[in-house]
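K.L.:
Supplied structure: my_file.pdb, PDB, C-alpha atoms.
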ATOM      1  CA  MET A  25     -37.105 -20.358   0.001  1.00  0.00           C
ATOM      2  CA  SER A  26     -39.829 -21.552   2.297  1.00  0.00           C
ATOM      3  CA  PRO A  27     -40.520 -19.362   5.403  1.00  0.00           C
ATOM      4  CA  PRO A  28     -38.998 -21.938   7.854  1.00  0.00           C
ATOM      5  CA  LEU A  29     -35.806 -22.122   5.783  1.00  0.00           C
ATOM      6  CA  GLN A  30     -35.642 -18.330   5.645  1.00  0.00           C
ATOM      7  CA  ALA A  31     -35.791 -18.232   9.459  1.00  0.00           C
ATOM      8  CA  LYS A  32     -32.915 -20.730   9.737  1.00  0.00           C
ATOM      9  CA  LEU A  33     -30.783 -18.761   7.299  1.00  0.00           C
ATOM     10  CA  LEU A  34     -31.517 -15.562   9.213  1.00  0.00           C
ATOM     11  CA  ARG A  35     -30.192 -17.174  12.401  1.00  0.00           C
ATOM     12  CA  VAL A  36     -26.977 -18.187  10.636  1.00  0.00           C
ATOM     13  CA  THR A  37     -26.419 -14.670   9.286  1.00  0.00           C
ATOM     14  CA  GLN A  38     -27.129 -13.035  12.656  1.00  0.00           C
ATOM     15  CA  GLU A  39     -25.489 -15.422  15.124  1.00  0.00           C
ATOM     16  CA  GLY A  40     -23.054 -17.383  12.972  1.00  0.00           C
ATOM     17  CA  ARG A  41     -24.313 -20.706  14.404  1.00  0.00           C
ATOM     18  CA  PHE A  42     -26.262 -23.659  13.018  1.00  0.00           C
ATOM     19  CA  ASN A  43     -27.093 -27.297  13.750  1.00  0.00           C
ATOM     20  CA  ARG A  44     -26.553 -30.125  11.328  1.00  0.00           C
ATOM     21  CA  VAL A  45     -29.571 -32.243  10.485  1.00  0.00           C
ATOM     22  CA  GLY A  46     -30.104 -34.777  13.257  1.00  0.00           C
ATOM     23  CA  SER A  47     -27.505 -33.195  15.563  1.00  0.00           C
ATOM     24  CA  ASN A  48     -27.936 -31.270  18.824  1.00  0.00           C
ATOM     25  CA  ARG A  49     -24.474 -29.737  18.715  1.00  0.00           C
ATOM     26  CA  GLU A  50     -24.177 -26.169  17.481  1.00  0.00           C
ATOM     27  CA  ILE A  51     -21.484 -25.385  14.960  1.00  0.00           C
ATOM     28  CA  GLN A  52     -19.898 -21.950  14.720  1.00  0.00           C
ATOM     29  CA  THR A  53     -19.372 -20.526  11.225  1.00  0.00           C
ATOM     30  CA  ASN A  54     -17.916 -17.386   9.700  1.00  0.00           C
ATOM     31  CA  ALA A  55     -19.129 -17.868   6.134  1.00  0.00           C
ATOM     32  CA  ARG A  56     -19.807 -15.145   3.619  1.00  0.00           C
ATOM     33  CA  ILE A  57     -23.054 -15.564   1.737  1.00  0.00           C
ATOM     34  CA  LEU A  58     -23.543 -14.806  -1.931  1.00  0.00           C
ATOM     35  CA  ALA A  59     -27.248 -14.882  -2.831  1.00  0.00           C
ATOM     36  CA  ALA A  60     -28.830 -14.623  -6.273  1.00  0.00           C
ATOM     37  CA  THR A  61     -32.423 -14.328  -7.427  1.00  0.00           C
ATOM     38  CA  ASN A  62     -34.376 -13.548 -10.578  1.00  0.00           C
ATOM     39  CA  ARG A  63     -37.225 -11.986  -8.586  1.00  0.00           C
ATOM     40  CA  ASN A  64     -37.746  -8.506  -7.196  1.00  0.00           C
ATOM     41  CA  LEU A  65     -37.204  -9.153  -3.490  1.00  0.00           C
ATOM     42  CA  GLU A  66     -38.619  -5.794  -2.421  1.00  0.00           C
ATOM     43  CA  GLU A  67     -41.909  -6.788  -4.020  1.00  0.00           C
ATOM     44  CA  GLU A  68     -41.637 -10.254  -2.458  1.00  0.00           C
ATOM     45  CA  VAL A  69     -41.213  -8.601   0.967  1.00  0.00           C
ATOM     46  CA  LYS A  70     -44.309  -6.442   0.424  1.00  0.00           C
ATOM     47  CA  ALA A  71     -46.272  -9.511  -0.632  1.00  0.00           C
ATOM     48  CA  GLY A  72     -45.189 -11.352   2.528  1.00  0.00           C
ATOM     49  CA  ARG A  73     -43.300 -14.075   0.690  1.00  0.00           C
ATOM     50  CA  PHE A  74     -39.828 -13.047   1.857  1.00  0.00           C
ATOM     51  CA  ARG A  75     -38.711 -11.965   5.331  1.00  0.00           C
ATOM     52  CA  GLU A  76     -37.841  -8.295   5.523  1.00  0.00           C
ATOM     53  CA  ASP A  77     -35.176  -8.838   8.206  1.00  0.00           C
ATOM     54  CA  LEU A  78     -33.474 -11.513   6.063  1.00  0.00           C
ATOM     55  CA  PHE A  79     -33.627  -9.257   3.029  1.00  0.00           C
ATOM     56  CA  TYR A  80     -31.695  -6.493   4.799  1.00  0.00           C
ATOM     57  CA  ARG A  81     -29.214  -8.994   6.243  1.00  0.00           C
ATOM     58  CA  LEU A  82     -28.403 -10.272   2.764  1.00  0.00           C
ATOM     59  CA  ASN A  83     -28.615  -6.973   0.900  1.00  0.00           C
ATOM     60  CA  VAL A  84     -25.232  -5.573   1.963  1.00  0.00           C
ATOM     61  CA  VAL A  85     -23.632  -5.205  -1.473  1.00  0.00           C
ATOM     62  CA  GLU A  86     -26.148  -5.394  -4.318  1.00  0.00           C
ATOM     63  CA  LEU A  87     -25.216  -6.199  -7.921  1.00  0.00           C
ATOM     64  CA  ASN A  88     -28.054  -5.714 -10.372  1.00  0.00           C
ATOM     65  CA  VAL A  89     -27.599  -7.597 -13.664  1.00  0.00           C
ATOM     66  CA  PRO A  90     -30.355  -6.540 -16.109  1.00  0.00           C
ATOM     67  CA  PRO A  91     -31.863  -9.183 -18.405  1.00  0.00           C
ATOM     68  CA  LEU A  92     -30.281  -9.569 -21.812  1.00  0.00           C
ATOM     69  CA  ARG A  93     -33.210  -7.809 -23.516  1.00  0.00           C
ATOM     70  CA  GLU A  94     -32.263  -4.639 -21.627  1.00  0.00           C
ATOM     71  CA  ARG A  95     -28.622  -4.683 -22.686  1.00  0.00           C
ATOM     72  CA  LEU A  96     -28.758  -5.196 -26.432  1.00  0.00           C
ATOM     73  CA  GLU A  97     -25.156  -4.050 -26.822  1.00  0.00           C
ATOM     74  CA  ASP A  98     -24.018  -7.263 -25.064  1.00  0.00           C
ATOM     75  CA  ILE A  99     -25.847  -9.722 -27.332  1.00  0.00           C
ATOM     76  CA  LEU A 100     -23.530  -9.765 -30.347  1.00  0.00           C
ATOM     77  CA  PRO A 101     -20.253  -9.812 -28.354  1.00  0.00           C
ATOM     78  CA  LEU A 102     -21.581 -12.714 -26.271  1.00  0.00           C
ATOM     79  CA  ALA A 103     -22.876 -14.561 -29.335  1.00  0.00           C
ATOM     80  CA  SER A 104     -19.544 -14.077 -31.124  1.00  0.00           C
ATOM     81  CA  ARG A 105     -17.687 -15.392 -28.083  1.00  0.00           C
ATOM     82  CA  PHE A 106     -19.845 -18.526 -27.953  1.00  0.00           C
ATOM     83  CA  ILE A 107     -19.554 -19.145 -31.709  1.00  0.00           C
ATOM     84  CA  ALA A 108     -15.771 -18.772 -31.499  1.00  0.00           C
ATOM     85  CA  GLU A 109     -15.770 -21.351 -28.711  1.00  0.00           C
ATOM     86  CA  PHE A 110     -17.932 -23.859 -30.610  1.00  0.00           C
ATOM     87  CA  THR A 111     -16.227 -23.501 -34.018  1.00  0.00           C
ATOM     88  CA  GLN A 112     -12.611 -22.723 -33.056  1.00  0.00           C
ATOM     89  CA  ASN A 113     -12.964 -19.201 -34.515  1.00  0.00           C
ATOM     90  CA  LYS A 114     -13.999 -20.527 -37.957  1.00  0.00           C
ATOM     91  CA  ALA A 115     -17.636 -19.412 -38.283  1.00  0.00           C
ATOM     92  CA  ARG A 116     -19.008 -15.925 -38.799  1.00  0.00           C
ATOM     93  CA  PHE A 117     -22.462 -14.360 -38.853  1.00  0.00           C
ATOM     94  CA  SER A 118     -24.339 -13.178 -41.911  1.00  0.00           C
ATOM     95  CA  SER A 119     -25.784  -9.675 -41.524  1.00  0.00           C
ATOM     96  CA  SER A 120     -29.313 -11.086 -41.260  1.00  0.00           C
ATOM     97  CA  VAL A 121     -28.295 -13.255 -38.289  1.00  0.00           C
ATOM     98  CA  ALA A 122     -27.052 -10.241 -36.361  1.00  0.00           C
ATOM     99  CA  ASP A 123     -30.434  -8.608 -36.916  1.00  0.00           C
ATOM    100  CA  CYS A 124     -32.255 -11.728 -35.645  1.00  0.00           C
ATOM    101  CA  LEU A 125     -30.154 -11.886 -32.490  1.00  0.00           C
ATOM    102  CA  THR A 126     -30.776  -8.277 -31.487  1.00  0.00           C
ATOM    103  CA  ARG A 127     -34.532  -8.434 -32.186  1.00  0.00           C
ATOM    104  CA  TYR A 128     -35.234 -11.499 -30.043  1.00  0.00           C
ATOM    105  CA  PRO A 129     -35.971 -10.761 -26.312  1.00  0.00           C
ATOM    106  CA  TRP A 130     -33.986 -13.780 -24.937  1.00  0.00           C
ATOM    107  CA  PRO A 131     -36.224 -14.713 -21.975  1.00  0.00           C
ATOM    108  CA  GLY A 132     -33.684 -17.390 -21.041  1.00  0.00           C
ATOM    109  CA  ASN A 133     -30.896 -14.774 -21.011  1.00  0.00           C
ATOM    110  CA  VAL A 134     -27.270 -15.811 -21.558  1.00  0.00           C
ATOM    111  CA  ARG A 135     -27.952 -19.535 -21.128  1.00  0.00           C
ATOM    112  CA  GLU A 136     -30.528 -19.466 -23.944  1.00  0.00           C
ATOM    113  CA  LEU A 137     -28.173 -17.452 -26.158  1.00  0.00           C
ATOM    114  CA  ARG A 138     -25.365 -19.949 -25.607  1.00  0.00           C
ATOM    115  CA  ASN A 139     -27.610 -22.887 -26.504  1.00  0.00           C
ATOM    116  CA  ALA A 140     -28.762 -21.112 -29.675  1.00  0.00           C
ATOM    117  CA  MET A 141     -25.147 -20.532 -30.712  1.00  0.00           C
ATOM    118  CA  GLU A 142     -24.261 -24.178 -30.097  1.00  0.00           C
ATOM    119  CA  ARG A 143     -27.143 -25.201 -32.359  1.00  0.00           C
ATOM    120  CA  ALA A 144     -26.052 -22.725 -35.061  1.00  0.00           C
ATOM    121  CA  ALA A 145     -22.477 -24.023 -34.934  1.00  0.00           C
ATOM    122  CA  LEU A 146     -23.671 -27.612 -35.427  1.00  0.00           C
ATOM    123  CA  LEU A 147     -26.113 -26.905 -38.262  1.00  0.00           C
ATOM    124  CA  SER A 148     -23.766 -24.589 -40.148  1.00  0.00           C
ATOM    125  CA  HIS A 149     -20.852 -27.050 -39.841  1.00  0.00           C
ATOM    126  CA  GLY A 150     -18.763 -24.211 -38.458  1.00  0.00           C
ATOM    127  CA  GLU A 151     -19.057 -22.022 -41.553  1.00  0.00           C
ATOM    128  CA  LEU A 152     -21.156 -18.973 -42.465  1.00  0.00           C
ATOM    129  CA  ILE A 153     -24.211 -18.813 -40.179  1.00  0.00           C
ATOM    130  CA  PHE A 154     -27.619 -17.913 -41.631  1.00  0.00           C
ATOM    131  CA  PRO A 155     -31.017 -17.362 -39.913  1.00  0.00           C
ATOM    132  CA  GLU A 156     -32.110 -20.919 -40.759  1.00  0.00           C
ATOM    133  CA  HIS A 157     -29.383 -22.188 -38.432  1.00  0.00           C
ATOM    134  CA  LEU A 158     -31.017 -20.425 -35.464  1.00  0.00           C
ATOM    135  CA  PRO A 159     -33.914 -21.813 -33.388  1.00  0.00           C
ATOM    136  CA  ALA A 160     -37.287 -21.106 -35.027  1.00  0.00           C
ATOM    137  CA  LYS A 161     -38.426 -18.758 -32.259  1.00  0.00           C
ATOM    138  CA  VAL A 162     -35.297 -16.598 -32.672  1.00  0.00           C
ATOM    139  CA  ARG A 163     -36.022 -15.930 -36.332  1.00  0.00           C
ATOM    140  CA  PRO A 164     -38.294 -12.913 -36.900  1.00  0.00           C
ATOM    141  CA  ALA A 165     -41.792 -13.378 -38.260  1.00  0.00           C
ATOM    142  CA  LEU A 166     -40.849 -11.498 -41.409  1.00  0.00           C
ATOM    143  CA  GLU A 167     -38.271 -14.151 -42.142  1.00  0.00           C
ATOM    144  CA  THR A 168     -40.745 -15.713 -44.618  1.00  0.00           C
ATOM    145  CA  PRO A 169     -39.140 -14.930 -47.960  1.00  0.00           C
ATOM    146  CA  PRO A 170     -41.144 -12.781 -50.373  1.00  0.00           C
ATOM    147  CA  THR A 171     -42.499 -14.361 -53.534  1.00  0.00           C
ATOM    148  CA  VAL A 172     -39.814 -14.400 -56.209  1.00  0.00           C
ATOM    149  CA  GLU A 173     -40.887 -14.226 -59.808  1.00  0.00           C
ATOM    150  CA  PRO A 174     -39.280 -16.829 -62.120  1.00  0.00           C
ATOM    151  CA  ALA A 175     -37.520 -14.079 -64.046  1.00  0.00           C
ATOM    152  CA  ASP A 176     -36.082 -12.647 -60.835  1.00  0.00           C
ATOM    153  CA  ALA A 177     -34.921 -16.087 -59.720  1.00  0.00           C
ATOM    154  CA  GLU A 178     -33.217 -16.626 -63.072  1.00  0.00           C
ATOM    155  CA  ARG A 179     -31.420 -13.284 -62.798  1.00  0.00           C
ATOM    156  CA  LEU A 180     -30.279 -14.137 -59.263  1.00  0.00           C
ATOM    157  CA  GLY A 181     -28.975 -17.492 -60.481  1.00  0.00           C
ATOM    158  CA  GLU A 182     -27.092 -15.794 -63.283  1.00  0.00           C
ATOM    159  CA  ILE A 183     -25.564 -13.304 -60.841  1.00  0.00           C
ATOM    160  CA  GLU A 184     -24.401 -16.189 -58.649  1.00  0.00           C
ATOM    161  CA  ARG A 185     -22.857 -18.006 -61.612  1.00  0.00           C
ATOM    162  CA  GLN A 186     -21.083 -14.862 -62.737  1.00  0.00           C
ATOM    163  CA  ALA A 187     -19.728 -14.237 -59.249  1.00  0.00           C
ATOM    164  CA  ILE A 188     -18.437 -17.797 -58.921  1.00  0.00           C
ATOM    165  CA  PHE A 189     -16.705 -17.900 -62.296  1.00  0.00           C
ATOM    166  CA  GLN A 190     -15.256 -14.434 -61.839  1.00  0.00           C
ATOM    167  CA  ALA A 191     -13.800 -15.563 -58.518  1.00  0.00           C
ATOM    168  CA  LEU A 192     -12.432 -18.724 -60.157  1.00  0.00           C
ATOM    169  CA  ARG A 193     -10.636 -16.653 -62.800  1.00  0.00           C
ATOM    170  CA  ASN A 194      -9.328 -14.243 -60.175  1.00  0.00           C
ATOM    171  CA  HIS A 195      -7.742 -17.150 -58.298  1.00  0.00           C
ATOM    172  CA  ASP A 196      -6.429 -19.115 -61.289  1.00  0.00           C
ATOM    173  CA  PHE A 197      -9.194 -21.719 -60.828  1.00  0.00           C
ATOM    174  CA  ASN A 198      -7.876 -22.752 -57.445  1.00  0.00           C
ATOM    175  CA  ARG A 199     -11.049 -23.996 -55.745  1.00  0.00           C
ATOM    176  CA  THR A 200      -9.721 -23.639 -52.205  1.00  0.00           C
ATOM    177  CA  GLU A 201      -8.801 -19.966 -52.638  1.00  0.00           C
ATOM    178  CA  THR A 202     -11.992 -19.283 -54.593  1.00  0.00           C
ATOM    179  CA  ALA A 203     -14.151 -20.757 -51.813  1.00  0.00           C
ATOM    180  CA  LYS A 204     -12.389 -18.579 -49.243  1.00  0.00           C
ATOM    181  CA  ALA A 205     -12.966 -15.476 -51.366  1.00  0.00           C
ATOM    182  CA  LEU A 206     -16.659 -16.310 -51.734  1.00  0.00           C
ATOM    183  CA  GLY A 207     -17.092 -17.058 -48.036  1.00  0.00           C
ATOM    184  CA  ILE A 208     -18.254 -20.644 -48.612  1.00  0.00           C
ATOM    185  CA  SER A 209     -16.704 -24.056 -48.026  1.00  0.00           C
ATOM    186  CA  ARG A 210     -14.678 -25.813 -50.718  1.00  0.00           C
ATOM    187  CA  ARG A 211     -17.238 -28.620 -50.653  1.00  0.00           C
ATOM    188  CA  ALA A 212     -20.064 -26.147 -51.340  1.00  0.00           C
ATOM    189  CA  LEU A 213     -18.154 -24.677 -54.272  1.00  0.00           C
ATOM    190  CA  ILE A 214     -17.560 -28.121 -55.802  1.00  0.00           C
ATOM    191  CA  TYR A 215     -21.252 -28.910 -55.423  1.00  0.00           C
ATOM    192  CA  LYS A 216     -22.226 -25.690 -57.234  1.00  0.00           C
ATOM    193  CA  LEU A 217     -19.800 -26.412 -60.097  1.00  0.00           C
ATOM    194  CA  GLN A 218     -21.202 -29.911 -60.496  1.00  0.00           C
ATOM    195  CA  ARG A 219     -24.701 -28.459 -60.464  1.00  0.00           C
ATOM    196  CA  PHE A 220     -23.775 -26.012 -63.234  1.00  0.00           C
ATOM    197  CA  ARG A 221     -22.586 -28.925 -65.402  1.00  0.00           C
ATOM    198  CA  GLU A 222     -25.819 -30.834 -64.738  1.00  0.00           C
ATOM    199  CA  LEU A 223     -27.783 -27.766 -65.881  1.00  0.00           C
ATOM    200  CA  GLY A 224     -25.946 -27.864 -69.210  1.00  0.00           C
ATOM    201  CA  LEU A 225     -23.666 -24.908 -68.558  1.00  0.00           C
ATOM    202  CA  ARG A 226     -21.425 -24.172 -71.548  1.00  0.00           C
ATOM    203  CA  TRP A 227     -18.065 -22.434 -71.628  1.00  0.00           C
ATOM    204  CA  ILE A 228     -17.743 -19.915 -74.484  1.00  0.00           C
ATOM    205  CA  ARG A 229     -14.358 -18.241 -74.020  1.00  0.00           C
ATOM    206  CA  LEU A 230     -11.910 -18.186 -71.173  1.00  0.00           C
ATOM    207  CA  ASP A 231     -12.506 -14.457 -70.664  1.00  0.00           C
ATOM    208  CA  GLU A 232     -16.299 -14.723 -70.823  1.00  0.00           C
ATOM    209  CA  VAL A 233     -18.826 -15.676 -68.192  1.00  0.00           C
ATOM    210  CA  PRO A 234     -20.417 -19.069 -68.935  1.00  0.00           C
ATOM    211  CA  THR A 235     -24.149 -19.103 -69.575  1.00  0.00           C
ATOM    212  CA  SER A 236     -26.767 -21.804 -69.937  1.00  0.00           C
ATOM    213  CA  ASN A 237     -28.287 -20.459 -73.180  1.00  0.00           C
ATOM    214  CA  SER A 238     -25.267 -20.280 -75.490  1.00  0.00           C
ATOM    215  CA  GLN A 239     -26.050 -20.283 -79.216  1.00  0.00           C
ATOM    216  CA  HIS A 240     -22.975 -22.465 -79.829  1.00  0.00           C
ATOM    217  CA  PRO A 241     -22.845 -25.046 -77.060  1.00  0.00           C
ATOM    218  CA  GLU A 242     -19.477 -26.533 -76.388  1.00  0.00           C
ATOM    219  CA  GLU A 243     -18.362 -28.976 -73.766  1.00  0.00           C
ATOM    220  CA  PHE A 244     -17.582 -27.213 -70.467  1.00  0.00           C
ATOM    221  CA  GLN A 245     -13.799 -26.946 -70.531  1.00  0.00           C
ATOM    222  CA  ALA A 246     -12.131 -24.903 -67.799  1.00  0.00           C
ATOM    223  CA  PRO A 247      -8.435 -24.924 -66.907  1.00  0.00           C
ATOM    224  CA  LYS A 248      -7.468 -27.825 -64.690  1.00  0.00           C
ATOM    225  CA  PHE A 249      -8.667 -27.283 -61.131  1.00  0.00           C
ATOM    226  CA  GLN A 250      -6.101 -27.417 -58.348  1.00  0.00           C
TER     227      GLN A 250
END
Starting from the coordinates I provided, produce the structure as structure tokens.
P.N.:
Amino acid sequence: MSPPLQAKLLRVTQEGRFNRVGSNREIQTNARILAATNRNLEEEVKAGRFREDLFYRLNVVELNVPPLRERLEDILPLASRFIAEFTQNKARFSSSVADCLTRYPWPGNVRELRNAMERAALLSHGELIFPEHLPAKVRPALETPPTVEPADAERLGEIERQAIFQALRNHDFNRTETAKALGISRRALIYKLQRFRELGLRWIRLDEVPTSNSQHPEEFQAPKFQ
């Protein structure tokens, strides 16, 4: 507030009277004033930028709301509330996302957090949310993935294939139930199965995990999908 406007507001709080712009007639008021600021008004008073008498007129009941970076315990409940709103309670956070949210200082406070959750809901299509769905500045610097050796990548791929086919067997090859059990969408599961076929995946026995290096390749034949 500029100093002249501060003086006018002080008069209203003290006398309960004001003049409309362009009018000479005083109007009586009995309004209650709720004021908010993101600055330290005591420091502003010392610096001469805010009237001390107005400060004490307004500072009757003070509510101090710390910035989000000072109340880390509120970040995840707020983020979960926003995600539930944007995805109709469908999406959930991966563990790495929770870590990202609590590490970031959130200079824009709750408004910035809400915008980040809206973005995550859109990019994740309302499903499992990963760090890549968050704004770049929210992701930690160590988000850069470590170098993965080809052998390690192959082992990870094999683990994924085993997990998918084990889940398929556990759910009688019902893709909808399997996707739910794996925490992915049905569309993502279908894509992975198609990708396995393109990679030349072979089915050995119904009770065995399919591999891509079978000594006796056979056409991929799984029970009919539902």
K.L.:
Show which residues sit within 10 Å of Cys124 (chain A), as a PyMOL selection string. Count only C-alpha atoms, and ignore same-chain residues fewer than 4 positions away.
P.N.:
chain A and resi 119-120+128+154-155+158+161-164+167
K.L.:
Find the spatial neighbours of Leu78 (chain A), counting only C-alpha atoms, within a cut-off of 10 Å - ignore same-chain residues fewer than 4 positions away - and output them as a count of residues only.
P.N.:
12
K.L.:
The PyMOL selection byres ((chain A and resi 91) around 12) - which residues does that actually catch in the file I just gave you? List them as a ChimeraX atom specification.
P.N.:
/A:62-63,88-90,92-99,129-137
K.L.:
For Gln112 (chain A), please output as an mmCIF file with C-alpha atoms, keeping the file's coordinate frame all residues within 12 Å (counting all atoms listed in the file; exclusion window: fewer than 6 positions along the same chain).
P.N.:
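Output contents, as saved in selection_15.cif:
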data_model
loop_
_atom_site.group_PDB
_atom_site.id
_atom_site.type_symbol
_atom_site.label_atom_id
_atom_site.label_comp_id
_atom_site.auth_asym_id
_atom_site.auth_seq_id
_atom_site.Cartn_x
_atom_site.Cartn_y
_atom_site.Cartn_z
ATOM 1 C CA SER A 104 -19.544 -14.077 -31.124
ATOM 2 C CA ARG A 105 -17.687 -15.392 -28.083
ATOM 3 C CA PHE A 106 -19.845 -18.526 -27.953
ATOM 4 C CA ALA A 145 -22.477 -24.023 -34.934
ATOM 5 C CA HIS A 149 -20.852 -27.050 -39.841
ATOM 6 C CA GLY A 150 -18.763 -24.211 -38.458
ATOM 7 C CA GLU A 151 -19.057 -22.022 -41.553
#
K.L.:
I'd like the interatomic distance between CA of Ser209 (chain A) and CA of Ala103 (chain A), to a tenth of an Å.
P.N.:
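That distance, rounded to one decimal, is 21.9 Å.
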K.L.:
List the residues selected by the PyMOL selection byres ((chain A and resi 203) around 12) in the file shown, writing them as a count of residues only.
P.N.:
30
K.L.:
Can you work out the spacing between CA of Arg44 (chain A) and CA of Val85 (chain A) in Å, to one decimal?
P.N.:
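One can read the CA of Arg44 (chain A) to CA of Val85 (chain A) distance as 28.2 Å.
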K.L.:
Can you work out the spacing between CA of Asn139 (chain A) and CA of Ser118 (chain A) in Å, to one decimal?
P.N.:
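CA of Ser118 (chain A) lies 18.5 Å from CA of Asn139 (chain A).
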K.L.:
Tell me which of A:Asn54, A:Phe220, A:Ser26, A:Arg138 sits closest to Glu184 (chain A), counting all atoms listed in the file.
P.N.:
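Checking each of A:Asn54, A:Phe220, A:Ser26, A:Arg138 against Glu184 (chain A), counting all atoms listed in the file, the winner is A:Phe220.
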K.L.:
Counting only C-alpha atoms, note down every residue that has an atom within 9 Å of the point (-21.3, -15.7, 8.8) (file coordinates), as a list in words.
P.N.:
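The distance filter leaves exactly Val36, Thr37, Gln38, Glu39, Gly40, Arg41, Gln52, Thr53, Asn54, Ala55, Arg56 and Ile57 of chain A.
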K.L.:
Using all atoms listed in the file, find the one residue out of A:Gly46, A:Ile153, A:Asp77, A:Val84 that sits nearest to Thr111 (chain A).
P.N.:
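Under the stated criterion, the closest residue is A:Ile153.
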K.L.:
With all atoms listed in the file as the atoms that count, which of A:Arg219, A:Ile107, A:Leu102, A:Ser148 lies nearest to Arg185 (chain A)?
P.N.:
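Ranked by minimum distance to Arg185 (chain A), first place goes to A:Arg219.
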K.L.:
Box along x, y and z, 3 Å on every side, all listed atoms of region 181-196 of chain A inside: centre and edge lengths in Å to one decimal, as JSON.
P.N.:
{"center_x": -17.7, "center_y": -16.2, "center_z": -60.8, "size_x": 28.5, "size_y": 11.8, "size_z": 11.0}
K.L.:
Mind writing region 150-166 of chain A to a file for me, with C-alpha atoms, as a compact mmCIF listing (two decimals), in the first residue's frame?
P.N.:
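Contents of out_12.txt, freshly written:
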# COMPACT_ATOMS: atom_id res chain seq x y z
CA GLY A 150 -4.55 -40.20 -13.93
CA GLU A 151 -2.48 -43.30 -13.19
CA LEU A 152 0.74 -43.96 -11.26
CA ILE A 153 2.70 -40.70 -10.93
CA PHE A 154 6.48 -40.70 -11.42
CA PRO A 155 9.07 -37.88 -11.03
CA GLU A 156 9.04 -37.23 -14.79
CA HIS A 157 5.43 -36.08 -14.45
CA LEU A 158 6.50 -33.26 -12.11
CA PRO A 159 7.84 -29.85 -13.21
CA ALA A 160 11.58 -29.98 -13.94
CA LYS A 161 12.49 -27.70 -11.03
CA VAL A 162 10.66 -29.97 -8.56
CA ARG A 163 12.75 -32.99 -9.50
CA PRO A 164 16.00 -33.26 -7.50
CA ALA A 165 19.34 -32.80 -9.21
CA LEU A 166 20.23 -36.41 -8.50
